[in-house]
Amino acid sequence: MDFDLFRDELGIPHVRAASEAAVAYGQGWVTAQDRGLQVEADRMRSEERFAELAGETGAAWDRFAARERLAATARAIHDAAGPAERAWLAAYADGVNAGLLAGGRDVPELADVPHRPWEPWTPVGVFLAVHVLFNGFPQVLWRAHVARHLRVPGVPPERVLHLFDAEAGSGSNAWAVHGDRTVSGSPLVAGDPHRTLELPGPYQQVRLVCTDPAGSFDVAGLAFPGVPGVPHFAHAVSPAGSVAWGITNAAAHHVEVVADGADAADPGAWRLSWPARELSDVGVAAWRTLLHARTARDVADAFAGWVDPVNRVLTADDTGEVLSLTAGRVPAAADRALPAARPADGWVRLPDPVRVTQAAVDANERPTTQAPAGQDGRPGAGPRDLRPDREAHDLGWSYVPHRAERIRQLLAAATAPESPATQARIHGDTRDLGAAGLVAHLGATRPRPPSACAPGWRRARTSTRPPPTPPCTCAGGTP
């Protein structure tokens, strides 16, 4: 298939072609060229073959992938997709194959790994391999371990489990500001995935342009290497206008751990009830449809077909409309803390998209309806997050509470309208509101003399010259 490839001054690829299939082929080709080792490794993870590349570490993953039937699930999702989606996936896989054979596999790590052509379902397998752990089931297994081994007399198990909530640390961000509060008068959408610093990274910047008059698009954003389209963070332009969207993980309990009744005493006797597998759908139609979005409503309609993982979405267009929604499939589970005896019956009906009137902030926090200015305790006259009924989006167990509040504080404190340039203060902010509690705890710990510290701590402080005696701020004699 013919396509044009241009790289800008940062090396970001711009792929242009006359048909949707040719754009997908070009995206696959350039991805194989730029991320050949990464996409082959993720492909092997999805096919229970990671040990060929990573040895025993890979074998452990392969056992998990076989247990959860990643490859079979990917095939089923592909086979259940519509004709347009299957053709799109096939074109992308063909492009990856061409790019790998044109030098994408020429890395030492793949020298002894035989090349196997990508199948049309392989991009779905890559998506599953990358996202199968991107949910709360590992925490469910941890809480089950705690429940089995830690029993406190007179304390209900639920309170013990809450001692191990993961409500701390940093979270990914997405926020939007209505055009009434910006310099340009147009809405602003921003985000920060806060993914682990990796090389290569989990995203790939790309621009995709289709010139077919019957279905043109021009979309720039962050793609998943090995997966067609630009599903998470993107800006699309067309003669009809422009639209942008950003996401953050909803921290929803959408993958259930189901205890195996045949051997419930065995900690390993469990299985996953995973929407992607139960429905033979992961949202492939949404990936493709997003490329053709023209308005915020188009984006919301596309995300109505999203399955996994569950995300909070913010989208805005140049008509001024700003929408907030939660996308994905969540089982109607009453108890999200521990393994279930059986999968839930049915799915949660997610709230309809709502209009954002001033600002919206999502950052993996427990959704809570915010008070208006003058009642929220935040100084300043900047935009507020006034979305109603946020509690209806509480779909999980553990959340990250502090980052969303910090962004709301920074927006509220604004003394001038917002612009892309003013977002640097948010992207670059390093204040952690959760640190105050830790600092207060440390400040409440009284210094203790060295003699009260554990002898092992003193013995470990060996050097060629005696060190000065430091104050000891250990609690209970343990450093």
# chains A, B, ... in the order shown; residues from 1 in each chain; ligands from 1
$ select_by_dssp --residues "range 306-471 of chain A" --states "alpha helix (DSSP H)" --output "PyMOL selection string"
chain A and resi 402-412+424-427+435-444+455-460
$ residues_around --residues "range 233-244 of chain A" --least-positions-apart "4" --cutoff "6 Å" --atoms "only C-alpha atoms" --output "PDB file with N, CA, C and O atoms, in the first residue's frame"
ATOM      1  N   ASP A 218      -7.491  13.780  10.204  1.00  0.00           N
ATOM      2  CA  ASP A 218      -6.160  14.316  10.503  1.00  0.00           C
ATOM      3  C   ASP A 218      -6.047  14.355  12.024  1.00  0.00           C
ATOM      4  O   ASP A 218      -6.591  15.248  12.674  1.00  0.00           O
ATOM      5  N   VAL A 219      -5.366  13.355  12.586  1.00  0.00           N
ATOM      6  CA  VAL A 219      -5.338  13.170  14.039  1.00  0.00           C
ATOM      7  C   VAL A 219      -3.891  13.063  14.502  1.00  0.00           C
ATOM      8  O   VAL A 219      -3.107  12.292  13.940  1.00  0.00           O
ATOM      9  N   ALA A 220      -3.536  13.811  15.523  1.00  0.00           N
ATOM     10  CA  ALA A 220      -2.217  13.719  16.139  1.00  0.00           C
ATOM     11  C   ALA A 220      -2.388  13.401  17.608  1.00  0.00           C
ATOM     12  O   ALA A 220      -3.285  13.934  18.275  1.00  0.00           O
ATOM     13  N   GLY A 221      -1.533  12.506  18.124  1.00  0.00           N
ATOM     14  CA  GLY A 221      -1.649  12.168  19.538  1.00  0.00           C
ATOM     15  C   GLY A 221      -0.729  11.041  19.927  1.00  0.00           C
ATOM     16  O   GLY A 221       0.320  10.827  19.308  1.00  0.00           O
ATOM     17  N   LEU A 222      -1.127  10.297  20.951  1.00  0.00           N
ATOM     18  CA  LEU A 222      -0.320   9.225  21.516  1.00  0.00           C
ATOM     19  C   LEU A 222      -0.948   7.880  21.177  1.00  0.00           C
ATOM     20  O   LEU A 222      -2.087   7.600  21.567  1.00  0.00           O
ATOM     21  N   THR A 295     -16.490  16.167  16.576  1.00  0.00           N
ATOM     22  CA  THR A 295     -17.006  16.966  17.685  1.00  0.00           C
ATOM     23  C   THR A 295     -16.833  16.202  18.991  1.00  0.00           C
ATOM     24  O   THR A 295     -16.541  14.995  18.995  1.00  0.00           O
ATOM     25  N   THR A 315     -13.369  15.637  26.800  1.00  0.00           N
ATOM     26  CA  THR A 315     -13.269  15.991  25.388  1.00  0.00           C
ATOM     27  C   THR A 315     -13.904  17.352  25.146  1.00  0.00           C
ATOM     28  O   THR A 315     -14.872  17.728  25.824  1.00  0.00           O
ATOM     29  N   ALA A 316     -13.348  18.093  24.192  1.00  0.00           N
ATOM     30  CA  ALA A 316     -13.854  19.427  23.883  1.00  0.00           C
ATOM     31  C   ALA A 316     -13.659  19.702  22.406  1.00  0.00           C
ATOM     32  O   ALA A 316     -12.725  19.184  21.774  1.00  0.00           O
ATOM     33  N   ASP A 317     -14.532  20.530  21.840  1.00  0.00           N
ATOM     34  CA  ASP A 317     -14.396  20.893  20.429  1.00  0.00           C
ATOM     35  C   ASP A 317     -14.436  22.400  20.265  1.00  0.00           C
ATOM     36  O   ASP A 317     -14.658  23.150  21.232  1.00  0.00           O
ATOM     37  N   ASP A 318     -14.231  22.860  19.019  1.00  0.00           N
ATOM     38  CA  ASP A 318     -14.120  24.299  18.804  1.00  0.00           C
ATOM     39  C   ASP A 318     -15.466  25.002  18.732  1.00  0.00           C
ATOM     40  O   ASP A 318     -15.519  26.222  18.518  1.00  0.00           O
TER      41      ASP A 318
END
$ atom_distance --atom1 "CA of Gln204 in chain A" --atom2 "CA of Asp429 in chain A"
24.2 Å
$ closest_residue --among "A:Asp394, A:Leu338, A:Ala72, A:Arg297" --to "Arg148 in chain A" --atoms "only C-alpha atoms"
A:Leu338
$ residues_around --residues "range 35-46 of chain A" --least-positions-apart "2" --cutoff "9 Å" --atoms "only C-alpha atoms" --output "short mmCIF file (atom, residue, chain, number, x, y, z; two decimals) with all heavy atoms, in the first residue's frame"
data_model
loop_
_atom_site.label_atom_id
_atom_site.label_comp_id
_atom_site.auth_asym_id
_atom_site.auth_seq_id
_atom_site.Cartn_x
_atom_site.Cartn_y
_atom_site.Cartn_z
N VAL A 30 5.80 2.28 10.22
CA VAL A 30 6.68 3.17 10.95
C VAL A 30 6.83 2.73 12.41
O VAL A 30 7.88 2.91 13.03
CB VAL A 30 6.20 4.63 10.85
CG1 VAL A 30 4.98 4.91 11.74
CG2 VAL A 30 7.33 5.60 11.19
N THR A 31 5.80 2.12 12.97
CA THR A 31 5.90 1.59 14.34
C THR A 31 6.93 0.46 14.40
O THR A 31 7.73 0.39 15.32
CB THR A 31 4.53 1.09 14.82
OG1 THR A 31 3.60 2.18 14.82
CG2 THR A 31 4.63 0.52 16.23
N ALA A 32 6.91 -0.43 13.40
CA ALA A 32 7.90 -1.51 13.37
C ALA A 32 9.30 -0.96 13.21
O ALA A 32 10.26 -1.49 13.78
CB ALA A 32 7.57 -2.47 12.24
N GLN A 33 9.44 0.11 12.43
CA GLN A 33 10.75 0.72 12.25
C GLN A 33 11.27 1.36 13.54
O GLN A 33 12.44 1.21 13.89
CB GLN A 33 10.67 1.79 11.15
CG GLN A 33 10.48 1.23 9.76
CD GLN A 33 11.78 0.70 9.17
OE1 GLN A 33 12.72 1.44 8.94
NE2 GLN A 33 11.83 -0.60 8.93
N GLU A 48 2.16 -16.22 24.56
CA GLU A 48 2.76 -17.21 25.49
C GLU A 48 4.13 -17.66 25.00
O GLU A 48 4.54 -18.81 25.21
CB GLU A 48 1.82 -18.41 25.65
CG GLU A 48 0.41 -18.03 26.08
CD GLU A 48 -0.61 -19.11 25.76
OE1 GLU A 48 -0.21 -20.28 25.61
OE2 GLU A 48 -1.81 -18.78 25.65
N ARG A 49 4.89 -16.73 24.41
CA ARG A 49 6.20 -17.04 23.85
C ARG A 49 7.29 -16.12 24.39
O ARG A 49 8.39 -16.05 23.84
CB ARG A 49 6.17 -16.91 22.32
CG ARG A 49 5.23 -17.85 21.61
CD ARG A 49 5.13 -17.50 20.12
NE ARG A 49 6.45 -17.25 19.56
CZ ARG A 49 6.73 -16.20 18.77
NH1 ARG A 49 5.80 -15.30 18.48
NH2 ARG A 49 7.94 -16.05 18.28
N PHE A 50 7.01 -15.44 25.46
CA PHE A 50 7.96 -14.44 25.96
C PHE A 50 9.26 -15.08 26.43
O PHE A 50 10.32 -14.45 26.41
CB PHE A 50 7.31 -13.63 27.08
CG PHE A 50 8.04 -12.36 27.43
CD1 PHE A 50 8.60 -11.56 26.46
CD2 PHE A 50 8.14 -11.95 28.76
CE1 PHE A 50 9.26 -10.39 26.78
CE2 PHE A 50 8.81 -10.79 29.09
CZ PHE A 50 9.36 -10.00 28.10
N ALA A 51 9.20 -16.36 26.83
CA ALA A 51 10.41 -17.04 27.29
C ALA A 51 11.45 -17.15 26.18
O ALA A 51 12.65 -17.22 26.46
CB ALA A 51 10.07 -18.43 27.81
N GLU A 52 11.02 -17.14 24.91
CA GLU A 52 11.98 -17.17 23.81
C GLU A 52 12.89 -15.96 23.83
O GLU A 52 14.03 -16.02 23.35
CB GLU A 52 11.24 -17.22 22.47
CG GLU A 52 10.42 -18.47 22.24
CD GLU A 52 9.69 -18.42 20.92
OE1 GLU A 52 10.18 -17.73 19.99
OE2 GLU A 52 8.61 -19.04 20.80
N LEU A 53 12.40 -14.87 24.40
CA LEU A 53 13.17 -13.63 24.44
C LEU A 53 13.77 -13.35 25.81
O LEU A 53 14.90 -12.88 25.92
CB LEU A 53 12.26 -12.45 24.04
CG LEU A 53 12.89 -11.07 23.98
CD1 LEU A 53 13.95 -11.02 22.88
CD2 LEU A 53 11.82 -10.02 23.71
N ALA A 54 13.02 -13.68 26.88
CA ALA A 54 13.41 -13.24 28.22
C ALA A 54 13.76 -14.38 29.16
O ALA A 54 13.97 -14.15 30.35
CB ALA A 54 12.28 -12.41 28.84
N GLY A 58 10.50 -14.62 31.38
CA GLY A 58 9.45 -14.70 30.39
C GLY A 58 8.57 -15.92 30.57
O GLY A 58 7.37 -15.88 30.29
N TRP A 61 5.76 -15.21 32.91
CA TRP A 61 4.69 -14.47 32.25
C TRP A 61 3.88 -15.40 31.35
O TRP A 61 2.66 -15.32 31.30
CB TRP A 61 5.25 -13.31 31.44
CG TRP A 61 4.20 -12.69 30.60
CD1 TRP A 61 3.84 -13.04 29.32
CD2 TRP A 61 3.27 -11.66 31.00
NE1 TRP A 61 2.77 -12.28 28.89
CE2 TRP A 61 2.41 -11.43 29.90
CE3 TRP A 61 3.11 -10.91 32.16
CZ2 TRP A 61 1.40 -10.48 29.95
CZ3 TRP A 61 2.10 -9.96 32.20
CH2 TRP A 61 1.25 -9.75 31.11
N ASP A 62 4.57 -16.29 30.62
CA ASP A 62 3.87 -17.17 29.69
C ASP A 62 2.86 -18.06 30.41
O ASP A 62 1.79 -18.35 29.87
CB ASP A 62 4.88 -18.03 28.94
CG ASP A 62 5.71 -17.23 27.94
OD1 ASP A 62 5.31 -16.10 27.61
OD2 ASP A 62 6.76 -17.73 27.51
N ALA A 65 -0.08 -15.85 30.95
CA ALA A 65 -0.79 -15.60 29.70
C ALA A 65 -1.58 -16.82 29.25
O ALA A 65 -2.69 -16.70 28.71
CB ALA A 65 0.21 -15.18 28.62
N ALA A 66 -1.02 -18.03 29.47
CA ALA A 66 -1.74 -19.25 29.12
C ALA A 66 -2.96 -19.44 30.02
O ALA A 66 -4.04 -19.83 29.56
CB ALA A 66 -0.80 -20.45 29.21
N ARG A 69 -5.53 -17.07 28.89
CA ARG A 69 -5.91 -17.28 27.49
C ARG A 69 -5.86 -15.98 26.68
O ARG A 69 -6.79 -15.64 25.95
CB ARG A 69 -7.30 -17.92 27.41
CG ARG A 69 -7.47 -19.15 28.28
CD ARG A 69 -8.70 -19.96 27.91
NE ARG A 69 -9.95 -19.23 27.93
CZ ARG A 69 -10.66 -18.97 29.01
NH1 ARG A 69 -10.25 -19.39 30.19
NH2 ARG A 69 -11.80 -18.33 28.91
N LEU A 70 -4.73 -15.27 26.78
CA LEU A 70 -4.61 -14.01 26.08
C LEU A 70 -4.73 -14.19 24.57
O LEU A 70 -5.44 -13.43 23.89
CB LEU A 70 -3.28 -13.33 26.42
CG LEU A 70 -3.08 -12.83 27.86
CD1 LEU A 70 -1.83 -11.97 27.94
CD2 LEU A 70 -4.29 -12.04 28.35
N ALA A 71 -3.99 -15.16 24.02
CA ALA A 71 -4.02 -15.35 22.56
C ALA A 71 -5.41 -15.75 22.09
O ALA A 71 -5.92 -15.22 21.09
CB ALA A 71 -2.98 -16.39 22.16
N ALA A 74 -7.68 -12.75 22.15
CA ALA A 74 -7.41 -11.83 21.06
C ALA A 74 -8.04 -12.33 19.76
O ALA A 74 -8.63 -11.55 19.00
CB ALA A 74 -5.90 -11.64 20.89
N VAL A 96 3.14 -3.66 9.84
CA VAL A 96 4.14 -4.08 10.82
C VAL A 96 5.06 -5.13 10.20
O VAL A 96 6.30 -5.05 10.34
CB VAL A 96 3.47 -4.62 12.10
CG1 VAL A 96 4.51 -5.24 13.02
CG2 VAL A 96 2.72 -3.51 12.82
N GLY A 99 7.47 -3.47 7.87
CA GLY A 99 8.45 -2.66 8.60
C GLY A 99 9.47 -3.50 9.33
O GLY A 99 10.66 -3.14 9.41
N LEU A 100 9.04 -4.63 9.88
CA LEU A 100 9.98 -5.52 10.56
C LEU A 100 10.99 -6.11 9.57
O LEU A 100 12.19 -6.17 9.84
CB LEU A 100 9.23 -6.65 11.27
CG LEU A 100 8.39 -6.25 12.50
CD1 LEU A 100 7.56 -7.44 12.98
CD2 LEU A 100 9.28 -5.75 13.63
N GLY A 103 14.00 -3.92 8.35
CA GLY A 103 15.02 -3.51 9.31
C GLY A 103 14.54 -3.34 10.72
O GLY A 103 15.35 -3.16 11.64
N GLY A 104 13.23 -3.41 10.95
CA GLY A 104 12.70 -3.22 12.30
C GLY A 104 13.13 -4.28 13.29
O GLY A 104 13.17 -4.04 14.50
N ARG A 105 13.48 -5.48 12.77
CA ARG A 105 13.91 -6.57 13.66
C ARG A 105 15.43 -6.64 13.79
O ARG A 105 15.95 -7.55 14.45
CB ARG A 105 13.41 -7.92 13.14
CG ARG A 105 11.92 -8.09 13.13
CD ARG A 105 11.53 -9.53 12.78
NE ARG A 105 11.39 -10.35 13.99
CZ ARG A 105 12.27 -11.26 14.39
NH1 ARG A 105 13.38 -11.45 13.67
NH2 ARG A 105 12.06 -11.97 15.48
N ASP A 106 16.14 -5.73 13.17
CA ASP A 106 17.60 -5.81 13.17
C ASP A 106 18.18 -5.27 14.48
O ASP A 106 18.85 -4.24 14.53
CB ASP A 106 18.17 -5.05 11.98
CG ASP A 106 17.80 -5.69 10.65
OD1 ASP A 106 17.32 -6.84 10.68
OD2 ASP A 106 17.97 -5.05 9.61
N VAL A 107 17.90 -5.99 15.56
CA VAL A 107 18.43 -5.64 16.87
C VAL A 107 19.01 -6.92 17.48
O VAL A 107 18.53 -8.02 17.19
CB VAL A 107 17.35 -5.04 17.80
CG1 VAL A 107 16.85 -3.71 17.25
CG2 VAL A 107 16.18 -6.00 17.97
N GLU A 109 18.75 -8.35 20.31
CA GLU A 109 17.87 -9.16 21.15
C GLU A 109 17.01 -10.13 20.33
O GLU A 109 16.56 -11.15 20.84
CB GLU A 109 16.94 -8.24 21.97
CG GLU A 109 17.65 -7.40 23.02
CD GLU A 109 18.19 -6.10 22.46
OE1 GLU A 109 18.22 -5.93 21.22
OE2 GLU A 109 18.58 -5.24 23.27
N LEU A 110 16.76 -9.79 19.04
CA LEU A 110 15.91 -10.63 18.21
C LEU A 110 16.69 -11.50 17.24
O LEU A 110 16.09 -12.20 16.42
CB LEU A 110 14.91 -9.76 17.43
CG LEU A 110 13.89 -8.98 18.26
CD1 LEU A 110 13.06 -8.07 17.37
CD2 LEU A 110 12.99 -9.92 19.05
N TRP A 118 3.02 -11.22 11.66
CA TRP A 118 1.86 -10.80 12.46
C TRP A 118 0.58 -11.24 11.76
O TRP A 118 0.45 -11.16 10.54
CB TRP A 118 1.87 -9.28 12.64
CG TRP A 118 2.80 -8.80 13.70
CD1 TRP A 118 4.07 -9.23 13.94
CD2 TRP A 118 2.54 -7.77 14.66
NE1 TRP A 118 4.62 -8.54 15.00
CE2 TRP A 118 3.69 -7.63 15.46
CE3 TRP A 118 1.45 -6.95 14.92
CZ2 TRP A 118 3.79 -6.71 16.50
CZ3 TRP A 118 1.53 -6.02 15.96
CH2 TRP A 118 2.69 -5.92 16.74
N THR A 122 -3.16 -9.99 15.87
CA THR A 122 -2.01 -9.73 16.73
C THR A 122 -2.08 -8.36 17.41
O THR A 122 -1.73 -8.25 18.60
CB THR A 122 -0.70 -9.86 15.93
OG1 THR A 122 -0.65 -11.16 15.34
CG2 THR A 122 0.51 -9.68 16.83
N PRO A 123 -2.49 -7.27 16.73
CA PRO A 123 -2.59 -5.98 17.45
C PRO A 123 -3.53 -6.04 18.66
O PRO A 123 -3.27 -5.39 19.67
CB PRO A 123 -3.12 -5.02 16.38
CG PRO A 123 -2.66 -5.62 15.09
CD PRO A 123 -2.77 -7.10 15.29
N VAL A 124 -4.58 -6.84 18.57
CA VAL A 124 -5.48 -6.99 19.73
C VAL A 124 -4.74 -7.70 20.86
O VAL A 124 -4.85 -7.33 22.03
CB VAL A 124 -6.75 -7.77 19.33
CG1 VAL A 124 -7.66 -7.95 20.55
CG2 VAL A 124 -7.48 -7.07 18.21
N GLY A 125 -3.96 -8.72 20.52
CA GLY A 125 -3.17 -9.40 21.54
C GLY A 125 -2.19 -8.49 22.22
O GLY A 125 -1.99 -8.57 23.44
N VAL A 126 -1.55 -7.60 21.45
CA VAL A 126 -0.62 -6.64 22.05
C VAL A 126 -1.35 -5.75 23.05
O VAL A 126 -0.88 -5.50 24.17
CB VAL A 126 0.06 -5.80 20.95
CG1 VAL A 126 0.81 -4.61 21.55
CG2 VAL A 126 1.01 -6.66 20.13
N PHE A 127 -2.53 -5.26 22.66
CA PHE A 127 -3.31 -4.41 23.56
C PHE A 127 -3.65 -5.16 24.85
O PHE A 127 -3.53 -4.61 25.95
CB PHE A 127 -4.58 -3.94 22.87
CG PHE A 127 -5.40 -2.96 23.67
CD1 PHE A 127 -5.16 -1.61 23.58
CD2 PHE A 127 -6.41 -3.40 24.52
CE1 PHE A 127 -5.91 -0.69 24.32
CE2 PHE A 127 -7.15 -2.51 25.26
CZ PHE A 127 -6.90 -1.15 25.16
N LEU A 128 -4.05 -6.42 24.73
CA LEU A 128 -4.39 -7.20 25.92
C LEU A 128 -3.17 -7.42 26.81
O LEU A 128 -3.25 -7.31 28.03
CB LEU A 128 -4.99 -8.55 25.51
CG LEU A 128 -6.31 -8.52 24.76
CD1 LEU A 128 -6.76 -9.94 24.43
CD2 LEU A 128 -7.39 -7.80 25.55
N ALA A 129 -2.03 -7.75 26.21
CA ALA A 129 -0.83 -8.00 27.00
C ALA A 129 -0.40 -6.76 27.77
O ALA A 129 0.06 -6.84 28.91
CB ALA A 129 0.30 -8.48 26.09
N VAL A 130 -0.55 -5.60 27.14
CA VAL A 130 -0.15 -4.35 27.78
C VAL A 130 -1.12 -3.96 28.90
O VAL A 130 -0.71 -3.34 29.88
CB VAL A 130 -0.04 -3.23 26.73
CG1 VAL A 130 0.16 -1.87 27.39
CG2 VAL A 130 1.11 -3.51 25.77
N PRO A 200 11.82 1.76 25.79
CA PRO A 200 10.93 2.75 25.20
C PRO A 200 9.68 2.97 26.06
O PRO A 200 9.35 2.14 26.91
CB PRO A 200 10.55 2.11 23.86
CG PRO A 200 10.61 0.65 24.13
CD PRO A 200 11.77 0.46 25.08
N GLN A 204 3.52 6.26 21.76
CA GLN A 204 4.28 6.68 20.59
C GLN A 204 3.56 7.88 19.97
O GLN A 204 2.40 7.79 19.59
CB GLN A 204 4.35 5.54 19.56
CG GLN A 204 5.06 5.92 18.26
CD GLN A 204 4.86 4.87 17.18
OE1 GLN A 204 3.83 4.20 17.15
NE2 GLN A 204 5.83 4.72 16.30
N PRO A 225 2.21 1.52 20.81
CA PRO A 225 2.99 0.78 19.83
C PRO A 225 2.45 -0.64 19.66
O PRO A 225 2.27 -1.37 20.64
CB PRO A 225 4.40 0.77 20.43
CG PRO A 225 4.44 2.00 21.30
CD PRO A 225 3.06 2.10 21.87
N GLY A 226 2.14 -1.00 18.42
CA GLY A 226 1.57 -2.31 18.15
C GLY A 226 0.07 -2.32 18.01
O GLY A 226 -0.51 -3.37 17.73
#
$ select_by_dssp --residues "range 127-294 of chain A" --states "strand (DSSP E)" --output "short mmCIF file (atom, residue, chain, number, x, y, z; two decimals) with N, CA and C atoms, in the first residue's frame"
data_model
loop_
_atom_site.label_atom_id
_atom_site.label_comp_id
_atom_site.auth_asym_id
_atom_site.auth_seq_id
_atom_site.Cartn_x
_atom_site.Cartn_y
_atom_site.Cartn_z
N ASN A 173 -3.38 12.28 35.22
CA ASN A 173 -4.22 13.48 35.22
C ASN A 173 -4.87 13.69 33.86
N ALA A 174 -6.07 14.23 33.87
CA ALA A 174 -6.67 14.84 32.68
C ALA A 174 -7.55 15.97 33.20
N TRP A 175 -7.45 17.12 32.58
CA TRP A 175 -8.31 18.22 33.01
C TRP A 175 -8.71 19.05 31.80
N ALA A 176 -9.80 19.76 31.94
CA ALA A 176 -10.33 20.60 30.87
C ALA A 176 -10.83 21.91 31.47
N VAL A 177 -10.73 22.96 30.67
CA VAL A 177 -11.20 24.29 31.08
C VAL A 177 -12.11 24.82 29.98
N LEU A 188 -9.94 24.21 26.56
CA LEU A 188 -8.58 23.68 26.69
C LEU A 188 -8.67 22.31 27.33
N VAL A 189 -7.99 21.32 26.74
CA VAL A 189 -7.90 19.97 27.29
C VAL A 189 -6.43 19.66 27.52
N ALA A 190 -6.10 19.18 28.71
CA ALA A 190 -4.71 18.87 29.05
C ALA A 190 -4.66 17.55 29.78
N GLY A 191 -3.47 16.98 29.88
CA GLY A 191 -3.34 15.72 30.59
C GLY A 191 -1.89 15.36 30.82
N ASP A 192 -1.69 14.42 31.72
CA ASP A 192 -0.36 13.90 32.03
C ASP A 192 -0.55 12.45 32.44
N GLN A 204 3.52 6.26 21.76
CA GLN A 204 4.28 6.68 20.59
C GLN A 204 3.56 7.88 19.97
N GLN A 205 4.25 9.02 19.89
CA GLN A 205 3.66 10.18 19.25
C GLN A 205 3.58 9.95 17.75
N VAL A 206 2.44 10.31 17.16
CA VAL A 206 2.23 10.07 15.74
C VAL A 206 1.14 11.00 15.23
N ARG A 207 1.21 11.31 13.94
CA ARG A 207 0.12 12.02 13.26
C ARG A 207 -0.34 11.15 12.10
N LEU A 208 -1.65 10.98 11.98
CA LEU A 208 -2.25 10.13 10.96
C LEU A 208 -3.20 10.97 10.11
N VAL A 209 -2.98 10.99 8.79
CA VAL A 209 -3.78 11.81 7.88
C VAL A 209 -4.31 10.94 6.76
N CYS A 210 -5.63 10.93 6.60
CA CYS A 210 -6.28 10.22 5.50
C CYS A 210 -6.93 11.25 4.59
N PHE A 217 -9.47 12.17 7.66
CA PHE A 217 -9.19 12.54 9.05
C PHE A 217 -7.75 13.03 9.15
N ASP A 218 -7.49 13.78 10.20
CA ASP A 218 -6.16 14.32 10.50
C ASP A 218 -6.05 14.36 12.02
N VAL A 219 -5.37 13.36 12.59
CA VAL A 219 -5.34 13.17 14.04
C VAL A 219 -3.89 13.06 14.50
N ALA A 220 -3.54 13.81 15.52
CA ALA A 220 -2.22 13.72 16.14
C ALA A 220 -2.39 13.40 17.61
N GLY A 221 -1.53 12.51 18.12
CA GLY A 221 -1.65 12.17 19.54
C GLY A 221 -0.73 11.04 19.93
N LEU A 222 -1.13 10.30 20.95
CA LEU A 222 -0.32 9.23 21.52
C LEU A 222 -0.95 7.88 21.18
N ALA A 223 -0.19 7.07 20.46
CA ALA A 223 -0.64 5.72 20.10
C ALA A 223 0.03 4.70 21.00
N PHE A 233 -4.93 10.03 23.94
CA PHE A 233 -4.74 11.49 23.98
C PHE A 233 -4.57 11.95 22.54
N ALA A 234 -5.44 12.84 22.06
CA ALA A 234 -5.37 13.19 20.64
C ALA A 234 -6.04 14.53 20.38
N HIS A 235 -5.68 15.10 19.21
CA HIS A 235 -6.28 16.32 18.70
C HIS A 235 -6.57 16.08 17.22
N ALA A 236 -7.81 16.20 16.81
CA ALA A 236 -8.21 15.96 15.43
C ALA A 236 -8.71 17.26 14.82
N VAL A 237 -8.30 17.51 13.57
CA VAL A 237 -8.74 18.70 12.85
C VAL A 237 -9.37 18.28 11.53
N SER A 238 -10.33 19.07 11.05
CA SER A 238 -10.99 18.82 9.79
C SER A 238 -11.59 20.13 9.30
N GLY A 241 -13.99 21.57 11.73
CA GLY A 241 -13.58 22.08 13.03
C GLY A 241 -12.53 21.17 13.66
N SER A 242 -12.39 21.28 14.97
CA SER A 242 -11.39 20.48 15.67
C SER A 242 -11.96 19.96 16.98
N VAL A 243 -11.38 18.86 17.45
CA VAL A 243 -11.80 18.25 18.70
C VAL A 243 -10.59 17.61 19.35
N ALA A 244 -10.55 17.60 20.67
CA ALA A 244 -9.46 16.98 21.42
C ALA A 244 -10.04 16.13 22.54
N TRP A 245 -9.27 15.13 22.95
CA TRP A 245 -9.70 14.32 24.08
C TRP A 245 -8.49 13.83 24.87
N GLY A 246 -8.74 13.58 26.14
CA GLY A 246 -7.72 13.02 27.03
C GLY A 246 -8.40 12.12 28.04
N ILE A 247 -7.63 11.19 28.60
CA ILE A 247 -8.22 10.22 29.53
C ILE A 247 -7.35 10.08 30.77
N THR A 248 -7.95 9.50 31.79
CA THR A 248 -7.20 9.00 32.93
C THR A 248 -7.91 7.74 33.42
N ASN A 249 -7.17 6.85 34.01
CA ASN A 249 -7.76 5.59 34.45
C ASN A 249 -8.79 5.83 35.53
N GLU A 256 -13.00 -9.06 37.71
CA GLU A 256 -13.31 -9.76 38.94
C GLU A 256 -12.39 -10.96 39.15
N VAL A 257 -12.04 -11.19 40.38
CA VAL A 257 -11.36 -12.42 40.78
C VAL A 257 -12.43 -13.36 41.32
N VAL A 258 -12.57 -14.50 40.69
CA VAL A 258 -13.60 -15.46 41.07
C VAL A 258 -12.92 -16.67 41.70
N ALA A 259 -13.29 -16.97 42.93
CA ALA A 259 -12.72 -18.12 43.62
C ALA A 259 -13.18 -19.41 42.96
N TRP A 270 -8.12 -19.53 41.72
CA TRP A 270 -8.94 -18.39 41.31
C TRP A 270 -8.83 -18.24 39.79
N ARG A 271 -9.76 -17.50 39.23
CA ARG A 271 -9.71 -17.17 37.82
C ARG A 271 -10.23 -15.75 37.65
N LEU A 272 -9.93 -15.16 36.51
CA LEU A 272 -10.39 -13.80 36.23
C LEU A 272 -11.65 -13.83 35.39
N SER A 273 -12.60 -13.00 35.77
CA SER A 273 -13.75 -12.72 34.92
C SER A 273 -13.49 -11.34 34.33
#
$ atom_distance --atom1 "CA of Ala363 in chain A" --atom2 "CA of Ala144 in chain A"
26.7 Å
$ atom_distance --atom1 "CA of Pro13 in chain A" --atom2 "CA of Val284 in chain A"
22.9 Å
